[in-house]
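Participant: Handing over my_file17.txt, compact mmCIF, C-alpha atoms and all ligand atoms.
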```txt
# COMPACT_ATOMS: atom_id res chain seq x y z
CA MET A 2 0.00 0.00 0.00
CA PRO A 3 1.52 3.35 -0.98
CA LEU A 4 1.59 6.14 1.58
CA SER A 5 -0.67 9.10 0.92
CA ILE A 6 1.15 12.43 1.28
CA ALA A 7 -0.95 15.56 1.70
CA ALA A 8 0.05 17.79 -1.21
CA GLU A 9 -1.22 20.22 -3.82
CA PRO A 10 -3.01 19.97 -6.12
CA ALA A 11 -3.92 16.51 -4.74
CA PRO A 12 -2.54 13.85 -2.39
CA PHE A 13 0.62 12.12 -3.65
CA ALA A 14 0.79 8.32 -3.49
CA LEU A 15 4.30 7.35 -2.36
CA ASP A 16 5.83 3.89 -2.69
CA PRO A 17 9.30 4.11 -1.10
CA ALA A 18 10.60 1.24 -3.26
CA ARG A 19 9.89 3.19 -6.46
CA THR A 20 10.86 6.62 -5.16
CA ALA A 21 14.19 8.42 -5.05
CA LEU A 22 15.01 11.44 -2.93
CA VAL A 23 16.89 13.86 -5.18
CA ILE A 24 18.71 16.66 -3.35
CA ILE A 25 19.72 19.35 -5.81
CA ASP A 26 22.97 21.32 -5.52
CA MET A 27 23.15 21.85 -1.73
CA GLN A 28 26.75 22.96 -2.32
CA ARG A 29 28.97 25.42 -0.54
CA ASP A 30 29.12 27.34 -3.85
CA PHE A 31 25.44 28.25 -3.46
CA LEU A 32 24.96 28.36 0.32
CA GLU A 33 28.18 29.93 1.63
CA PRO A 34 29.80 33.33 1.08
CA GLY A 35 32.53 33.52 -1.54
CA GLY A 36 31.13 31.00 -4.02
CA PHE A 37 29.17 31.01 -7.25
CA GLY A 38 25.90 32.23 -5.74
CA ALA A 39 27.62 35.17 -4.08
CA ALA A 40 29.57 35.95 -7.26
CA LEU A 41 26.23 36.37 -9.02
CA GLY A 42 25.38 39.08 -6.50
CA ASN A 43 23.08 37.07 -4.24
CA ASP A 44 22.49 37.07 -0.48
CA VAL A 45 23.42 33.45 0.19
CA SER A 46 21.92 33.48 3.71
CA ARG A 47 18.50 33.22 2.09
CA LEU A 48 19.11 29.53 1.35
CA ALA A 49 19.90 28.53 4.96
CA PRO A 50 16.30 27.81 6.06
CA ALA A 51 16.14 24.85 3.65
CA VAL A 52 19.00 22.97 5.36
CA ALA A 53 17.26 21.62 8.49
CA PRO A 54 14.14 20.39 6.62
CA CYS A 55 16.42 18.69 4.06
CA GLN A 56 18.30 16.99 6.91
CA ALA A 57 15.04 15.66 8.37
CA VAL A 58 13.83 14.35 5.02
CA LEU A 59 17.23 12.84 4.23
CA ALA A 60 17.21 10.96 7.54
CA ALA A 61 13.68 9.66 6.90
CA ALA A 62 14.51 8.57 3.35
CA ARG A 63 17.58 6.69 4.57
CA GLU A 64 15.51 5.08 7.31
CA ALA A 65 12.90 4.00 4.74
CA GLY A 66 15.62 2.52 2.51
CA MET A 67 14.89 4.88 -0.35
CA LEU A 68 17.41 5.64 -3.06
CA VAL A 69 19.07 8.98 -2.27
CA VAL A 70 20.71 10.92 -5.10
CA HIS A 71 22.71 14.10 -4.59
CA THR A 72 23.52 16.50 -7.43
CA ARG A 73 26.20 19.12 -7.84
CA GLU A 74 26.44 21.84 -10.46
CA GLY A 75 29.98 22.43 -11.67
CA HIS A 76 32.52 22.25 -14.43
CA ARG A 77 35.73 20.51 -15.37
CA PRO A 78 38.90 22.28 -14.22
CA ASP A 79 39.81 23.00 -17.87
CA LEU A 80 36.30 24.51 -18.40
CA ALA A 81 35.85 22.27 -21.45
CA ASP A 82 32.19 21.69 -20.52
CA CYS A 83 31.43 25.29 -19.54
CA PRO A 84 29.51 27.16 -22.21
CA PRO A 85 31.25 30.50 -22.90
CA ALA A 86 27.80 32.12 -22.80
CA LYS A 87 27.36 30.95 -19.18
CA GLN A 88 30.71 32.32 -18.11
CA ALA A 89 30.29 35.57 -19.99
CA ARG A 90 27.27 36.60 -17.92
CA MET A 91 29.30 36.77 -14.70
CA PRO A 92 31.19 39.73 -13.22
CA PRO A 93 34.68 39.97 -14.82
CA ASP A 94 36.44 39.61 -11.44
CA ALA A 95 34.45 36.55 -10.27
CA ARG A 96 33.75 34.21 -13.14
CA ILE A 97 33.46 30.41 -13.25
CA GLY A 98 36.97 29.07 -12.76
CA ASP A 99 38.32 32.19 -11.06
CA PRO A 100 39.99 31.75 -7.67
CA GLY A 101 37.91 32.49 -4.58
CA PRO A 102 37.97 31.79 -0.84
CA MET A 103 36.61 28.26 -1.43
CA GLY A 104 38.86 27.53 -4.40
CA ARG A 105 38.01 28.05 -8.06
CA ILE A 106 34.37 29.08 -8.50
CA LEU A 107 32.01 26.24 -9.56
CA ILE A 108 34.83 23.84 -10.43
CA ARG A 109 34.72 20.13 -9.62
CA GLY A 110 37.18 19.11 -6.95
CA GLU A 111 37.30 22.53 -5.30
CA ALA A 112 36.04 23.10 -1.75
CA GLY A 113 33.16 25.30 -2.93
CA HIS A 114 31.85 22.51 -5.14
CA ASP A 115 31.37 20.19 -2.16
CA ILE A 116 27.96 19.48 -0.71
CA ILE A 117 27.57 21.27 2.64
CA PRO A 118 28.66 19.07 5.59
CA ALA A 119 25.12 19.04 7.07
CA LEU A 120 23.90 17.13 4.01
CA ALA A 121 27.02 15.13 3.16
CA PRO A 122 26.30 12.06 1.00
CA ALA A 123 26.56 8.75 2.81
CA SER A 124 28.68 5.99 1.40
CA GLY A 125 26.81 4.31 -1.47
CA GLU A 126 24.61 7.33 -2.27
CA PRO A 127 25.15 8.41 -5.86
CA VAL A 128 26.38 11.94 -6.53
CA VAL A 129 25.51 13.28 -9.98
CA ASP A 130 27.81 15.98 -11.31
CA LYS A 131 25.99 18.15 -13.82
CA PRO A 132 27.22 20.99 -16.01
CA GLY A 133 23.81 22.63 -16.36
CA LYS A 134 20.79 23.54 -14.34
CA GLY A 135 18.79 20.36 -15.01
CA ALA A 136 19.98 17.12 -13.40
CA PHE A 137 19.11 15.08 -16.52
CA PHE A 138 21.08 17.15 -19.05
CA ALA A 139 24.47 15.56 -19.84
CA THR A 140 24.35 13.17 -16.85
CA ASP A 141 23.64 9.49 -16.19
CA LEU A 142 20.80 10.24 -13.75
CA GLU A 143 18.10 8.72 -15.95
CA ALA A 144 20.06 5.48 -16.47
CA MET A 145 20.55 5.25 -12.71
CA LEU A 146 16.85 5.73 -11.96
CA ARG A 147 15.80 3.21 -14.61
CA ALA A 148 18.22 0.61 -13.31
CA ARG A 149 16.64 0.89 -9.86
CA GLY A 150 13.03 0.88 -11.10
CA ILE A 151 12.43 4.42 -9.87
CA THR A 152 9.27 6.11 -11.18
CA ASP A 153 8.77 8.91 -8.63
CA LEU A 154 11.03 11.62 -7.24
CA LEU A 155 10.99 13.60 -4.01
CA VAL A 156 12.77 16.81 -4.91
CA CYS A 157 14.64 19.15 -2.53
CA GLY A 158 17.43 21.67 -2.97
CA VAL A 159 18.43 24.98 -4.46
CA THR A 160 17.46 27.11 -6.08
CA THR A 161 13.73 26.62 -6.38
CA GLU A 162 13.27 28.48 -9.65
CA VAL A 163 16.56 27.51 -11.29
CA CYS A 164 17.98 24.01 -10.77
CA VAL A 165 14.99 22.56 -8.91
CA ASN A 166 12.50 23.84 -11.48
CA THR A 167 14.63 22.83 -14.47
CA THR A 168 15.11 19.34 -13.06
CA VAL A 169 11.41 18.89 -12.32
CA ARG A 170 10.53 19.96 -15.86
CA GLU A 171 13.08 17.52 -17.31
CA ALA A 172 11.81 14.72 -15.04
CA ASN A 173 8.16 15.40 -15.83
CA ASP A 174 8.80 15.19 -19.57
CA ARG A 175 10.53 11.84 -18.99
CA GLY A 176 7.46 10.49 -17.19
CA TYR A 177 8.60 10.77 -13.57
CA ARG A 178 6.11 11.90 -10.93
CA CYS A 179 7.74 14.66 -8.87
CA LEU A 180 6.80 15.75 -5.36
CA VAL A 181 8.58 18.99 -4.52
CA LEU A 182 9.03 19.77 -0.82
CA ALA A 183 8.58 23.52 -0.48
CA ASP A 184 10.46 24.09 2.79
CA CYS A 185 13.33 21.87 1.58
CA CYS A 186 13.90 24.25 -1.35
CA GLY A 187 15.36 27.73 -1.25
CA SER A 188 15.84 30.74 -3.46
CA TYR A 189 17.75 34.01 -3.28
CA PHE A 190 14.42 35.60 -4.29
CA PRO A 191 11.40 34.82 -2.06
CA GLU A 192 9.00 35.85 -4.80
CA PHE A 193 10.64 33.48 -7.30
CA HIS A 194 10.48 30.62 -4.75
CA GLU A 195 6.73 31.13 -4.40
CA ALA A 196 6.15 31.54 -8.13
CA ALA A 197 8.24 28.48 -8.98
CA LEU A 198 6.22 26.30 -6.61
CA ALA A 199 2.95 27.78 -7.86
CA MET A 200 3.92 26.94 -11.46
CA ILE A 201 4.59 23.30 -10.60
CA LYS A 202 1.24 22.63 -8.96
CA ALA A 203 -1.01 24.82 -11.15
CA GLN A 204 -3.23 23.41 -13.88
CA GLY A 205 -3.88 20.16 -12.04
CA GLY A 206 -0.15 19.67 -11.32
CA ILE A 207 1.27 20.55 -14.72
CA PHE A 208 4.82 19.61 -13.63
CA GLY A 209 4.11 17.76 -10.38
CA TRP A 210 2.98 18.04 -6.78
CA VAL A 211 4.03 20.37 -3.94
CA SER A 212 4.10 19.46 -0.26
CA ASP A 213 6.52 20.08 2.63
CA SER A 214 8.69 18.15 5.06
CA THR A 215 6.08 18.26 7.84
CA ARG A 216 3.39 16.60 5.77
CA LEU A 217 5.80 14.07 4.24
CA LEU A 218 7.29 13.06 7.59
CA ALA A 219 3.85 12.82 9.22
CA ALA A 220 2.83 10.24 6.60
CA MET A 221 6.16 8.38 6.69
CA GLN A 222 6.18 8.16 10.49
CA ALA A 223 2.51 7.14 10.84
N1 LIG A 301 21.65 31.14 -9.63
C1 LIG A 301 20.76 30.30 -9.16
O1 LIG A 301 19.74 30.68 -8.60
N2 LIG A 301 20.96 28.97 -9.28
C2 LIG A 301 21.94 28.33 -10.01
O2 LIG A 301 22.72 28.95 -10.73
N3 LIG A 301 22.05 26.98 -9.88
C3 LIG A 301 21.18 26.22 -9.11
O3 LIG A 301 20.04 26.58 -8.89
N4 LIG A 301 21.68 25.11 -8.56
```
Let me see the structure of the file written as structure tokens.
Ligand code: TIU

Facilitator:
Amino acid sequence: MPLSIAAEPAPFALDPARTALVIIDMQRDFLEPGGFGAALGNDVSRLAPAVAPCQAVLAAAREAGMLVVHTREGHRPDLADCPPAKQARMPPDARIGDPGPMGRILIRGEAGHDIIPALAPASGEPVVDKPGKGAFFATDLEAMLRARGITDLLVCGVTTEVCVNTTVREANDRGYRCLVLADCCGSYFPEFHEAALAMIKAQGGIFGWVSDSTRLLAAMQA
């Protein structure tokens, strides 16, 4: 019997064996000063409220034996996979690959590229390195989900309107059912956070469902 999670626009039926928790880009580069998010001119403290709810959901997913997938946005040290158009839109003194307090900005292997310690992947949990905003573009995420028989995704992470939204749109077009946990997502722009969630659940759930950690955990712990 699947669990029923209170959600909008309708309850979400959750079968832990067919569901993966996907935690998007909870990296130092987005959440801490001196990284990519700050280089883009953002107040990175706005993402902090998503950390504790993500921790609670991560613990519950591990407890339930669900597949947990972590993603990281970043590029090769030689920038071979970084579109010049992406780099060109950054300030000249803080571009992708430039040195910063957490190493080179948005580069794989640098300290800033790491997932924050509070949400560190456990041994055996796949980490998907992605060059773009969506977690399906130029990655092996879909192959991994298919191999495990995953049909549904619980989606958390940052930022709500950028990498979370892009990933949910990619997943929805591939036939995955996505439940986005509002308080486990964060944005530098509160109004974009709200709009991004509203877009997902509008029109009968055009891209998916929206709930929160409280309602998910209540159902999982019942
Ligand atoms: N800038 C911004 O809001 N987000 C990103 O660039 N990447 C992710 O959302 N991970």

Participant: Quick one: of A:Val165, A:Cys83, A:Leu59, A:Val129, who's nearest to ligand LIG 301 (chain A), counting only C-alpha atoms and all ligand atoms?

Facilitator: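 Nearest candidate to ligand LIG 301 (chain A) out of A:Val165, A:Cys83, A:Leu59, A:Val129: A:Val165.
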
Participant: Report, in Å with one decimal, the straight-line distance from CA of Asn166 in chain A to atom O3 of ligand LIG 301 (chain A).

Facilitator: 8.4 Å

Participant: Within 6 Å of ligand LIG 301 (chain A), which residues show up when you count only C-alpha atoms and all ligand atoms? List them as a list in words, please.

Facilitator: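 Checked against 6 Å with only C-alpha atoms and all ligand atoms; the hits are Asp26, Gly38, Lys134, Val159, Thr160, Val163 and Cys164 of chain A.
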
Participant: What does the distance from CA of Ile6 in chain A to CA of Arg73 in chain A come to in Å, to one decimal?

Facilitator: 27.5 Å

Participant: When you look at Met145 in chain A with a cut-off of 10 Å (counting all atoms listed in the file), what residues show up, excluding the ones that are within fewer than 4 positions of it in the same chain? I need them as a ChimeraX atom specification.

Facilitator: /A:70,127,129,140-141,149-151

Participant: Give me the residues within 12 Å of Leu180 in chain A as a VMD selection string, counting only C-alpha atoms and dropping any in the same chain fewer than 6 places off.

Facilitator: chain A and resid 5 to 15 20 to 23 152 to 157 165 to 166 168 to 170 172 to 173 186 198 201 to 202 206 to 214 216 to 217

Participant: Between A:Phe193, A:Ala57, A:Leu68, A:Leu182, which has the minimum distance to Gly125 in chain A (counting all atoms listed in the file)?

Facilitator: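 Checking each candidate against Gly125 in chain A, we get A:Leu68 as the closest.
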
Participant: Can you tell me how far CA of Gln56 in chain A sits from CA of Leu120 in chain A, in Å to one decimal?

Facilitator: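 Taking CA of Gln56 in chain A as the start and CA of Leu120 in chain A as the end point, the length is 6.3 Å.
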
Participant: Between A:Ala112, A:Leu41, A:Ala199, A:Ala121, single out the one closest to Ala60 in chain A, counting all atoms listed in the file.

Facilitator: A:Ala121

Participant: Pick out the closest residue to Ala197 in chain A from this set: A:Arg178, A:Cys55, A:Thr161, A:Pro100. Count only C-alpha atoms.

Facilitator: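 The shortest atom-to-atom distance to Ala197 in chain A comes from A:Thr161.
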
Participant: Check the smallest atom-to-atom distance from each of A:Gly101, A:Ala39, A:Arg19, A:Arg47 to Met67 in chain A using all atoms listed in the file, then report the winner.

Facilitator: A:Arg19

Participant: For Pro17 in chain A, which of A:Glu171, A:Ala148, A:His114, A:Arg63 is the closest residue, counting all atoms listed in the file?

Facilitator: A:Arg63

Participant: Please determine an axis-aligned box that encloses all atoms of range 168-183 of chain A listed in the file, with 5 Å added on each side, and express its centre and edge lengths in Å to one decimal as AutoDock Vina command-line options.

Facilitator:
```
--center_x 10.6 --center_y 17.0 --center_z -10.0 --size_x 19.0 --size_y 23.0 --size_z 29.1
```

Participant: Could you list, as a ChimeraX atom specification, every residue within 12 Å of Lys87 in chain A, counting only C-alpha atoms and ignoring same-chain residues fewer than 3 positions away?

Facilitator: /A:41,75-76,80,82-84,90-92,96-98,107,132-134

Participant: Do a neighbour search on Ala49 in chain A at 12 Å with only C-alpha atoms, toss out local chain neighbours closer than 5 positions, and write the hits as a PyMOL selection string.

Facilitator: chain A and resi 27-29+31-34+44+54-56+117+119+158-160+184-189
